[in-house]
$ cat work13.cif   # mmCIF, C-alpha atoms
data_protein
loop_
_atom_site.label_atom_id
_atom_site.label_comp_id
_atom_site.auth_asym_id
_atom_site.auth_seq_id
_atom_site.Cartn_x
_atom_site.Cartn_y
_atom_site.Cartn_z
CA THR Q 90 0.00 0.00 0.00
CA GLY Q 91 1.06 3.54 -0.59
CA VAL Q 92 1.74 6.29 1.87
CA GLN Q 93 -1.48 7.74 3.31
CA THR Q 94 -1.36 11.50 3.63
CA CYS Q 95 -3.70 14.31 4.56
CA ALA Q 96 -4.64 16.87 1.97
CA LEU Q 97 -2.11 19.64 1.77
CA PRO Q 98 -3.44 22.97 3.07
CA ILE Q 99 -4.12 26.13 1.15
CA TRP Q 100 -1.17 28.49 1.53
CA GLY Q 101 -3.19 31.54 2.61
CA GLU Q 102 -5.16 29.55 5.17
CA SER Q 103 -1.94 28.07 6.57
CA TRP Q 104 -0.37 31.51 6.90
CA GLY Q 105 -3.39 32.76 8.81
CA LYS Q 106 -3.37 29.80 11.19
CA ALA Q 107 0.37 30.13 11.74
CA LEU Q 108 0.08 33.84 12.51
CA SER Q 109 -2.79 33.25 14.93
CA THR Q 110 -0.87 30.61 16.93
CA ARG Q 111 2.60 32.16 17.17
CA PRO Q 112 3.18 33.49 20.72
CA ASP Q 113 6.02 35.74 19.56
CA TYR Q 114 3.85 37.23 16.83
CA LEU Q 115 0.88 37.72 19.16
CA GLY Q 116 3.23 39.31 21.68
CA GLY Q 117 4.50 41.62 18.96
CA LEU Q 118 0.93 42.69 18.20
CA LYS Q 119 0.41 43.56 21.85
CA ASP Q 120 3.63 45.58 21.85
CA LEU Q 121 2.44 47.42 18.76
CA GLU Q 122 -0.92 48.16 20.39
CA LYS Q 123 0.86 49.53 23.47
CA ALA Q 124 3.10 51.66 21.27
CA GLN Q 125 0.05 53.09 19.48
CA ILE Q 126 -1.62 53.96 22.77
CA GLN Q 127 1.55 55.56 24.07
CA LEU Q 128 1.93 57.56 20.86
CA ALA Q 129 -1.65 58.85 21.12
CA PHE Q 130 -1.00 59.87 24.72
CA ARG Q 131 2.21 61.72 23.81
CA ARG Q 132 0.44 63.44 20.95
CA ASN Q 133 -2.25 64.72 23.30
CA GLU Q 134 0.46 66.21 25.52
CA LEU Q 135 1.35 68.62 22.70
CA PHE Q 136 -2.02 70.38 22.99
CA PRO Q 137 -3.55 72.49 25.77
CA TYR Q 138 -5.88 70.54 28.02
CA LEU Q 139 -8.78 71.57 30.22
CA ASP Q 140 -9.55 69.95 33.58
CA MET Q 141 -12.72 70.36 35.64
CA PHE Q 142 -12.75 69.78 39.37
CA GLY Q 143 -15.27 69.85 42.18
CA SER Q 144 -15.49 68.93 45.86
CA TYR Q 145 -18.06 68.88 48.63
CA GLY Q 146 -17.66 68.23 52.36
CA ARG Q 147 -19.47 68.42 55.70
CA ASN Q 148 -17.85 69.44 58.98
CA GLY Q 149 -18.74 68.86 62.60
CA LEU Q 150 -17.26 71.74 64.59
CA ASP Q 151 -19.06 71.38 67.95
CA THR Q 152 -16.22 70.98 70.44
CA ASN Q 153 -18.47 70.42 73.45
CA SER Q 154 -19.76 66.95 72.55
CA LEU Q 155 -19.42 64.28 69.91
CA GLY Q 156 -23.16 64.23 69.44
CA GLY Q 157 -23.13 67.92 68.66
CA ALA Q 158 -20.48 67.41 66.02
CA PHE Q 159 -22.60 64.70 64.36
CA THR Q 160 -25.56 67.08 64.51
CA ASP Q 161 -23.54 69.72 62.66
CA ILE Q 162 -22.69 67.19 59.99
CA ARG Q 163 -26.28 65.98 59.64
CA ARG Q 164 -27.64 69.53 59.36
CA GLU Q 165 -24.83 70.57 57.00
CA SER Q 166 -24.20 73.53 59.29
CA PHE Q 167 -20.61 73.96 58.13
CA SER Q 168 -20.63 72.41 54.65
CA GLN Q 169 -17.99 73.36 52.11
CA HIS Q 170 -17.91 73.01 48.36
CA SER Q 171 -15.69 74.14 45.56
CA TYR Q 172 -15.54 73.74 41.77
CA GLY Q 173 -13.76 75.21 38.84
CA ILE Q 174 -11.72 74.56 35.71
CA VAL Q 175 -7.98 74.50 35.08
CA LEU Q 176 -6.52 75.28 31.66
CA SER Q 177 -2.97 73.96 31.21
CA MET Q 178 -0.83 74.99 28.28
CA PRO Q 179 2.74 73.76 27.65
CA LEU Q 180 5.24 76.59 27.34
CA SER Q 181 8.34 75.37 25.51
CA GLN Q 182 6.91 71.89 24.66
CA LYS Q 183 10.48 70.70 24.21
CA THR Q 184 10.08 67.78 26.60
CA GLU Q 185 6.68 66.88 25.19
CA ARG Q 186 7.94 66.95 21.60
CA ASN Q 187 10.91 64.78 22.46
CA ARG Q 188 8.62 62.27 24.13
CA PHE Q 189 6.35 62.30 21.11
CA LYS Q 190 9.26 61.67 18.73
CA GLU Q 191 10.48 58.83 20.94
CA SER Q 192 7.04 57.21 21.02
CA LYS Q 193 6.73 57.60 17.27
CA ALA Q 194 10.06 55.84 16.78
CA GLN Q 195 9.04 53.04 19.16
CA LYS Q 196 5.83 52.47 17.19
CA ALA Q 197 7.77 52.34 13.91
CA GLN Q 198 10.15 49.77 15.41
CA ALA Q 199 7.27 47.64 16.71
CA LEU Q 200 5.59 47.76 13.30
CA LEU Q 201 8.84 46.80 11.59
CA ARG Q 202 9.25 43.81 13.92
CA ILE Q 203 5.72 42.68 13.10
CA LYS Q 204 6.34 42.90 9.35
CA GLN Q 205 9.60 40.97 9.69
CA MET Q 206 7.93 38.23 11.75
CA GLU Q 207 5.13 37.99 9.17
CA GLN Q 208 7.67 37.56 6.39
CA ASP Q 209 9.59 34.94 8.37
CA ILE Q 210 6.42 32.99 9.17
CA ILE Q 211 5.25 33.04 5.55
CA GLU Q 212 8.62 31.77 4.34
CA GLU Q 213 8.67 29.12 7.06
CA VAL Q 214 5.18 27.90 6.15
CA ASP Q 215 6.04 27.85 2.45
CA THR Q 216 9.15 25.80 3.12
CA SER Q 217 7.31 23.36 5.38
CA ILE Q 218 4.46 22.76 2.93
CA SER Q 219 6.75 22.53 -0.09
CA ARG Q 220 8.99 19.99 1.66
CA LEU Q 221 6.04 17.81 2.63
CA GLU Q 222 4.57 18.04 -0.86
CA TYR Q 223 7.90 17.02 -2.40
CA ARG Q 224 8.21 14.04 -0.05
CA ARG Q 225 4.63 13.03 -0.79
CA ARG Q 226 5.18 13.07 -4.56
CA GLN Q 227 8.46 11.19 -4.16
CA ALA Q 228 6.83 8.49 -2.00
CA GLU Q 229 4.02 8.10 -4.54
CA GLU Q 230 6.45 7.78 -7.43
CA TYR Q 231 8.45 5.09 -5.61
CA ARG Q 232 5.22 3.24 -4.75
CA ILE Q 233 4.25 3.15 -8.42
CA ALA Q 234 7.76 2.00 -9.35
CA ARG Q 235 7.62 -0.79 -6.76
CA GLU Q 236 4.25 -2.00 -8.08
CA ALA Q 237 5.63 -2.00 -11.62
CA ALA Q 238 8.67 -3.99 -10.46
CA GLU Q 239 6.39 -6.55 -8.78
CA LEU Q 240 4.45 -7.02 -12.00
CA ALA Q 241 7.67 -7.31 -13.99
CA ALA Q 242 9.08 -9.92 -11.58
CA GLN Q 243 5.86 -11.93 -11.70
CA ALA Q 244 5.84 -11.80 -15.50
CA THR Q 245 9.46 -12.95 -15.63
CA ARG Q 246 8.71 -15.95 -13.37
CA THR Q 247 5.72 -16.85 -15.56
CA LYS Q 248 7.89 -16.69 -18.67
CA MET Q 249 10.51 -18.91 -17.04
CA ASP Q 250 7.83 -21.48 -16.17
CA ALA Q 251 6.82 -21.42 -19.82
CA GLY Q 252 10.41 -21.81 -20.96
CA ARG Q 253 10.60 -18.32 -22.47
CA SER Q 254 12.90 -16.80 -19.86
CA THR Q 255 15.99 -17.81 -17.91
CA TYR Q 256 16.76 -18.11 -14.21
CA PHE Q 257 19.19 -15.20 -14.63
CA ASP Q 258 16.33 -13.00 -15.91
CA VAL Q 259 14.31 -13.93 -12.82
CA LEU Q 260 17.17 -13.05 -10.49
CA GLN Q 261 17.65 -9.74 -12.26
CA ALA Q 262 13.92 -8.92 -11.97
CA GLU Q 263 13.91 -9.91 -8.29
CA GLN Q 264 16.91 -7.63 -7.65
CA GLN Q 265 15.14 -4.76 -9.37
CA LEU Q 266 12.07 -5.40 -7.19
CA LEU Q 267 14.25 -5.44 -4.07
CA ASP Q 268 15.81 -2.11 -5.08
CA ALA Q 269 12.36 -0.63 -5.75
CA ARG Q 270 11.11 -1.74 -2.33
CA SER Q 271 14.19 -0.26 -0.66
CA ARG Q 272 13.64 3.09 -2.38
CA GLU Q 273 9.97 3.08 -1.38
CA ILE Q 274 10.79 2.30 2.25
CA ARG Q 275 13.43 5.01 2.30
CA SER Q 276 11.05 7.56 0.79
CA GLN Q 277 8.40 6.67 3.38
CA ALA Q 278 10.97 7.12 6.15
CA GLU Q 279 11.93 10.52 4.76
CA TYR Q 280 8.27 11.49 4.56
CA ASN Q 281 7.70 10.37 8.15
CA ALA Q 282 10.76 12.34 9.26
CA ALA Q 283 9.40 15.47 7.57
CA ASP Q 284 6.07 14.88 9.31
CA ARG Q 285 7.67 14.47 12.74
CA LYS Q 286 9.73 17.61 12.25
CA SER Q 287 6.66 19.60 11.27
CA THR Q 288 4.78 18.23 14.28
CA ARG Q 289 7.61 19.13 16.66
CA LEU Q 290 7.75 22.63 15.27
CA ASN Q 291 4.01 23.00 15.70
CA SER Q 292 4.13 21.76 19.29
CA SER Q 293 6.63 24.54 20.03
CA HIS Q 294 4.43 27.04 18.15
CA THR Q 295 7.03 27.65 15.47
CA VAL Q 296 5.27 26.51 12.32
CA ILE Q 297 2.00 24.79 11.52
CA SER Q 298 1.68 21.06 11.04
CA TYR Q 299 -1.45 20.84 8.93
CA ALA Q 300 0.34 19.21 5.99
CA VAL Q 301 1.04 15.93 7.77
CA PHE Q 302 0.08 12.28 7.71
CA CYS Q 303 -3.41 11.17 8.63
#

$ encode --input "work13.cif" --output "structure tokens"
Amino acid sequence: TGVQTCALPIWGESWGKALSTRPDYLGGLKDLEKAQIQLAFRRNELFPYLDMFGSYGRNGLDTNSLGGAFTDIRRESFSQHSYGIVLSMPLSQKTERNRFKESKAQKAQALLRIKQMEQDIIEEVDTSISRLEYRRRQAEEYRIAREAAELAAQATRTKMDAGRSTYFDVLQAEQQLLDARSREIRSQAEYNAADRKSTRLNSSHTVISYAVFC
């Protein structure tokens, strides 16, 4: 029997699955999100900002008894309140501008790291799928060759029984069949090795392992 394999995945789907399961890539996205938030905060520091404030309190000022103090509080005899607005405007803005430039650079670096990781993951997925596809085709070709060698060996034995072939021809056909079986076994081992490598990489969240044996 031939090598049983799963259907190879669609490249775009594999890329998406790989990106969604890579901890380093997901961590990079979080870093980029933080950098964007920080940049927005530093940008807001460049503009004037208005704050509103308000407060309200009750006081118990009766020094003769504790009950009297509580009565003052309940009756709001000495309540206090305040409210207002505060307008703040940066003067030189040198510090704020430097912080903004720094945050902008940090966001650009985070975005660059994301793009580089995406490129690396895409190349890694392409290599993994292409290697498995090559091993699958190779194993199938050697299976077909082994089946052809079996038929040829059987035909040679039949001819020898009918006196139309020699014992040497049979030995030669049997040797060719043995070589074909060896190549098929070797190709299956190489295919299994590629599968195990892909599975190990997936278990460590490095690449996907969707193009593997059933």

$ atom_distance --input "work13.cif" --atom1 "CA of Ile210 in chain Q" --atom2 "CA of Gln125 in chain Q"
23.5 Å

$ resolve_selection --input "work13.cif" --expression "the PyMOL selection byres ((chain Q and resi 207) around 12)" --output "PyMOL selection string"
chain Q and resi 104-109+111+113-115+117-118+200-206+208-214+296

$ closest_atom_pairs --input "work13.cif" --of "range 159-249 of chain Q" --to "range 265-269 of chain Q" --cutoff "10 Å" --atoms "all atoms listed in the file" --output "CSV"
residue,atom,partner,partner_atom,distance
Q:Tyr231,CA,Q:Ala269,CA,6.9
Q:Arg232,CA,Q:Ala269,CA,8.2
Q:Ile233,CA,Q:Ala269,CA,9.3
Q:Ala234,CA,Q:Ala269,CA,6.4
Q:Arg235,CA,Q:Ala269,CA,4.8
Q:Glu236,CA,Q:Ala269,CA,8.5
Q:Ala237,CA,Q:Leu266,CA,8.5
Q:Ala238,CA,Q:Leu266,CA,4.9
Q:Glu239,CA,Q:Leu266,CA,6.0
Q:Leu240,CA,Q:Leu266,CA,9.2
Q:Ala241,CA,Q:Leu266,CA,8.3
Q:Ala242,CA,Q:Leu266,CA,7.0

$ atom_distance --input "work13.cif" --atom1 "CA of Ile126 in chain Q" --atom2 "CA of Tyr138 in chain Q"
17.9 Å

$ residues_around --input "work13.cif" --residues "range 175-187 of chain Q" --least-positions-apart "2" --cutoff "9 Å" --atoms "all atoms listed in the file" --output "VMD selection string"
chain Q and resid 131 to 132 134 to 142 173 189 to 192

$ resolve_selection --input "work13.cif" --expression "the PyMOL selection byres ((chain Q and resi 227) around 10)" --output "list in words"
Leu221, Glu222, Tyr223, Arg224, Arg225, Arg226, Ala228, Glu229, Glu230, Tyr231, Arg232, Arg272, Glu273, Ser276, Gln277, Glu279 and Tyr280 of chain Q

$ atom_distance --input "work13.cif" --atom1 "CA of Leu260 in chain Q" --atom2 "CA of Arg275 in chain Q"
22.4 Å

$ axis_aligned_box --input "work13.cif" --around "range 216-224 of chain Q" --padding-each-side "8 Å" --output "AutoDock Vina command-line options"
--center_x 6.8 --center_y 19.9 --center_z 1.5 --size_x 20.7 --size_y 27.8 --size_z 23.8

$ closest_residue --input "work13.cif" --among "Q:Gln198, Q:Thr245, Q:Thr110, Q:Gln169" --to "Ser144 in chain Q" --atoms "all atoms listed in the file"
Q:Gln169

$ decode --input "work13.cif" --residues "range 187-219 of chain Q" --atoms "N, CA, C and O atoms" --output "mmCIF file, in the first residue's frame"
data_model
loop_
_atom_site.group_PDB
_atom_site.id
_atom_site.type_symbol
_atom_site.label_atom_id
_atom_site.label_comp_id
_atom_site.auth_asym_id
_atom_site.auth_seq_id
_atom_site.Cartn_x
_atom_site.Cartn_y
_atom_site.Cartn_z
ATOM 1 N N ASN Q 187 9.924 65.852 22.428
ATOM 2 C CA ASN Q 187 10.912 64.778 22.458
ATOM 3 C C ASN Q 187 10.265 63.445 22.820
ATOM 4 O O ASN Q 187 10.592 62.395 22.255
ATOM 5 N N ARG Q 188 9.336 63.489 23.771
ATOM 6 C CA ARG Q 188 8.624 62.265 24.130
ATOM 7 C C ARG Q 188 7.779 61.755 22.976
ATOM 8 O O ARG Q 188 7.684 60.546 22.738
ATOM 9 N N PHE Q 189 7.161 62.685 22.252
ATOM 10 C CA PHE Q 189 6.347 62.305 21.106
ATOM 11 C C PHE Q 189 7.211 61.653 20.016
ATOM 12 O O PHE Q 189 6.839 60.629 19.435
ATOM 13 N N LYS Q 190 8.358 62.234 19.738
ATOM 14 C CA LYS Q 190 9.258 61.666 18.735
ATOM 15 C C LYS Q 190 9.742 60.278 19.154
ATOM 16 O O LYS Q 190 9.849 59.365 18.327
ATOM 17 N N GLU Q 191 10.035 60.121 20.437
ATOM 18 C CA GLU Q 191 10.485 58.827 20.937
ATOM 19 C C GLU Q 191 9.386 57.772 20.797
ATOM 20 O O GLU Q 191 9.642 56.641 20.371
ATOM 21 N N SER Q 192 8.159 58.145 21.140
ATOM 22 C CA SER Q 192 7.040 57.215 21.016
ATOM 23 C C SER Q 192 6.771 56.866 19.555
ATOM 24 O O SER Q 192 6.434 55.718 19.223
ATOM 25 N N LYS Q 193 6.933 57.839 18.696
ATOM 26 C CA LYS Q 193 6.733 57.601 17.269
ATOM 27 C C LYS Q 193 7.768 56.613 16.733
ATOM 28 O O LYS Q 193 7.451 55.713 15.937
ATOM 29 N N ALA Q 194 9.007 56.760 17.189
ATOM 30 C CA ALA Q 194 10.060 55.839 16.777
ATOM 31 C C ALA Q 194 9.807 54.431 17.323
ATOM 32 O O ALA Q 194 10.049 53.431 16.634
ATOM 33 N N GLN Q 195 9.326 54.343 18.566
ATOM 34 C CA GLN Q 195 9.041 53.041 19.159
ATOM 35 C C GLN Q 195 7.916 52.324 18.407
ATOM 36 O O GLN Q 195 7.973 51.107 18.205
ATOM 37 N N LYS Q 196 6.911 53.076 17.971
ATOM 38 C CA LYS Q 196 5.833 52.471 17.193
ATOM 39 C C LYS Q 196 6.358 51.963 15.853
ATOM 40 O O LYS Q 196 6.001 50.861 15.402
ATOM 41 N N ALA Q 197 7.200 52.750 15.205
ATOM 42 C CA ALA Q 197 7.766 52.337 13.912
ATOM 43 C C ALA Q 197 8.593 51.061 14.077
ATOM 44 O O ALA Q 197 8.540 50.166 13.229
ATOM 45 N N GLN Q 198 9.355 50.971 15.161
ATOM 46 C CA GLN Q 198 10.152 49.769 15.407
ATOM 47 C C GLN Q 198 9.263 48.559 15.663
ATOM 48 O O GLN Q 198 9.539 47.458 15.173
ATOM 49 N N ALA Q 199 8.189 48.745 16.438
ATOM 50 C CA ALA Q 199 7.265 47.642 16.714
ATOM 51 C C ALA Q 199 6.594 47.169 15.430
ATOM 52 O O ALA Q 199 6.424 45.970 15.203
ATOM 53 N N LEU Q 200 6.222 48.119 14.573
ATOM 54 C CA LEU Q 200 5.591 47.758 13.300
ATOM 55 C C LEU Q 200 6.579 47.026 12.402
ATOM 56 O O LEU Q 200 6.218 46.059 11.719
ATOM 57 N N LEU Q 201 7.822 47.455 12.407
ATOM 58 C CA LEU Q 201 8.844 46.797 11.593
ATOM 59 C C LEU Q 201 9.075 45.363 12.071
ATOM 60 O O LEU Q 201 9.238 44.441 11.243
ATOM 61 N N ARG Q 202 9.078 45.166 13.389
ATOM 62 C CA ARG Q 202 9.255 43.812 13.915
ATOM 63 C C ARG Q 202 8.099 42.911 13.496
ATOM 64 O O ARG Q 202 8.300 41.738 13.155
ATOM 65 N N ILE Q 203 6.888 43.452 13.511
ATOM 66 C CA ILE Q 203 5.715 42.676 13.095
ATOM 67 C C ILE Q 203 5.841 42.264 11.638
ATOM 68 O O ILE Q 203 5.593 41.100 11.270
ATOM 69 N N LYS Q 204 6.202 43.201 10.768
ATOM 70 C CA LYS Q 204 6.336 42.903 9.347
ATOM 71 C C LYS Q 204 7.423 41.859 9.107
ATOM 72 O O LYS Q 204 7.270 40.980 8.251
ATOM 73 N N GLN Q 205 8.519 41.943 9.849
ATOM 74 C CA GLN Q 205 9.600 40.973 9.688
ATOM 75 C C GLN Q 205 9.155 39.588 10.141
ATOM 76 O O GLN Q 205 9.462 38.584 9.485
ATOM 77 N N MET Q 206 8.424 39.521 11.276
ATOM 78 C CA MET Q 206 7.931 38.235 11.746
ATOM 79 C C MET Q 206 6.938 37.643 10.756
ATOM 80 O O MET Q 206 6.935 36.430 10.514
ATOM 81 N N GLU Q 207 6.075 38.477 10.163
ATOM 82 C CA GLU Q 207 5.128 37.988 9.166
ATOM 83 C C GLU Q 207 5.863 37.379 7.980
ATOM 84 O O GLU Q 207 5.494 36.307 7.481
ATOM 85 N N GLN Q 208 6.891 38.061 7.514
ATOM 86 C CA GLN Q 208 7.666 37.556 6.388
ATOM 87 C C GLN Q 208 8.354 36.242 6.739
ATOM 88 O O GLN Q 208 8.357 35.297 5.938
ATOM 89 N N ASP Q 209 8.916 36.168 7.938
ATOM 90 C CA ASP Q 209 9.593 34.940 8.365
ATOM 91 C C ASP Q 209 8.606 33.780 8.462
ATOM 92 O O ASP Q 209 8.912 32.647 8.056
ATOM 93 N N ILE Q 210 7.420 34.043 9.015
ATOM 94 C CA ILE Q 210 6.421 32.988 9.172
ATOM 95 C C ILE Q 210 5.943 32.505 7.814
ATOM 96 O O ILE Q 210 5.796 31.293 7.583
ATOM 97 N N ILE Q 211 5.701 33.427 6.885
ATOM 98 C CA ILE Q 211 5.249 33.041 5.545
ATOM 99 C C ILE Q 211 6.295 32.165 4.858
ATOM 100 O O ILE Q 211 5.971 31.132 4.257
ATOM 101 N N GLU Q 212 7.560 32.564 4.948
ATOM 102 C CA GLU Q 212 8.623 31.771 4.336
ATOM 103 C C GLU Q 212 8.738 30.405 5.007
ATOM 104 O O GLU Q 212 8.966 29.387 4.339
ATOM 105 N N GLU Q 213 8.568 30.370 6.324
ATOM 106 C CA GLU Q 213 8.669 29.119 7.064
ATOM 107 C C GLU Q 213 7.538 28.172 6.678
ATOM 108 O O GLU Q 213 7.749 26.960 6.497
ATOM 109 N N VAL Q 214 6.331 28.711 6.554
ATOM 110 C CA VAL Q 214 5.183 27.900 6.153
ATOM 111 C C VAL Q 214 5.368 27.384 4.728
ATOM 112 O O VAL Q 214 5.104 26.218 4.437
ATOM 113 N N ASP Q 215 5.806 28.263 3.828
ATOM 114 C CA ASP Q 215 6.039 27.852 2.448
ATOM 115 C C ASP Q 215 7.041 26.709 2.375
ATOM 116 O O ASP Q 215 6.841 25.729 1.654
ATOM 117 N N THR Q 216 8.121 26.839 3.123
ATOM 118 C CA THR Q 216 9.153 25.796 3.118
ATOM 119 C C THR Q 216 8.616 24.486 3.670
ATOM 120 O O THR Q 216 8.866 23.408 3.108
ATOM 121 N N SER Q 217 7.853 24.562 4.763
ATOM 122 C CA SER Q 217 7.315 23.359 5.380
ATOM 123 C C SER Q 217 6.353 22.639 4.444
ATOM 124 O O SER Q 217 6.440 21.422 4.260
ATOM 125 N N ILE Q 218 5.445 23.378 3.829
ATOM 126 C CA ILE Q 218 4.462 22.764 2.935
ATOM 127 C C ILE Q 218 5.140 22.223 1.684
ATOM 128 O O ILE Q 218 4.825 21.119 1.217
ATOM 129 N N SER Q 219 6.063 22.979 1.119
ATOM 130 C CA SER Q 219 6.755 22.531 -0.094
ATOM 131 C C SER Q 219 7.557 21.261 0.172
ATOM 132 O O SER Q 219 7.586 20.351 -0.665
#
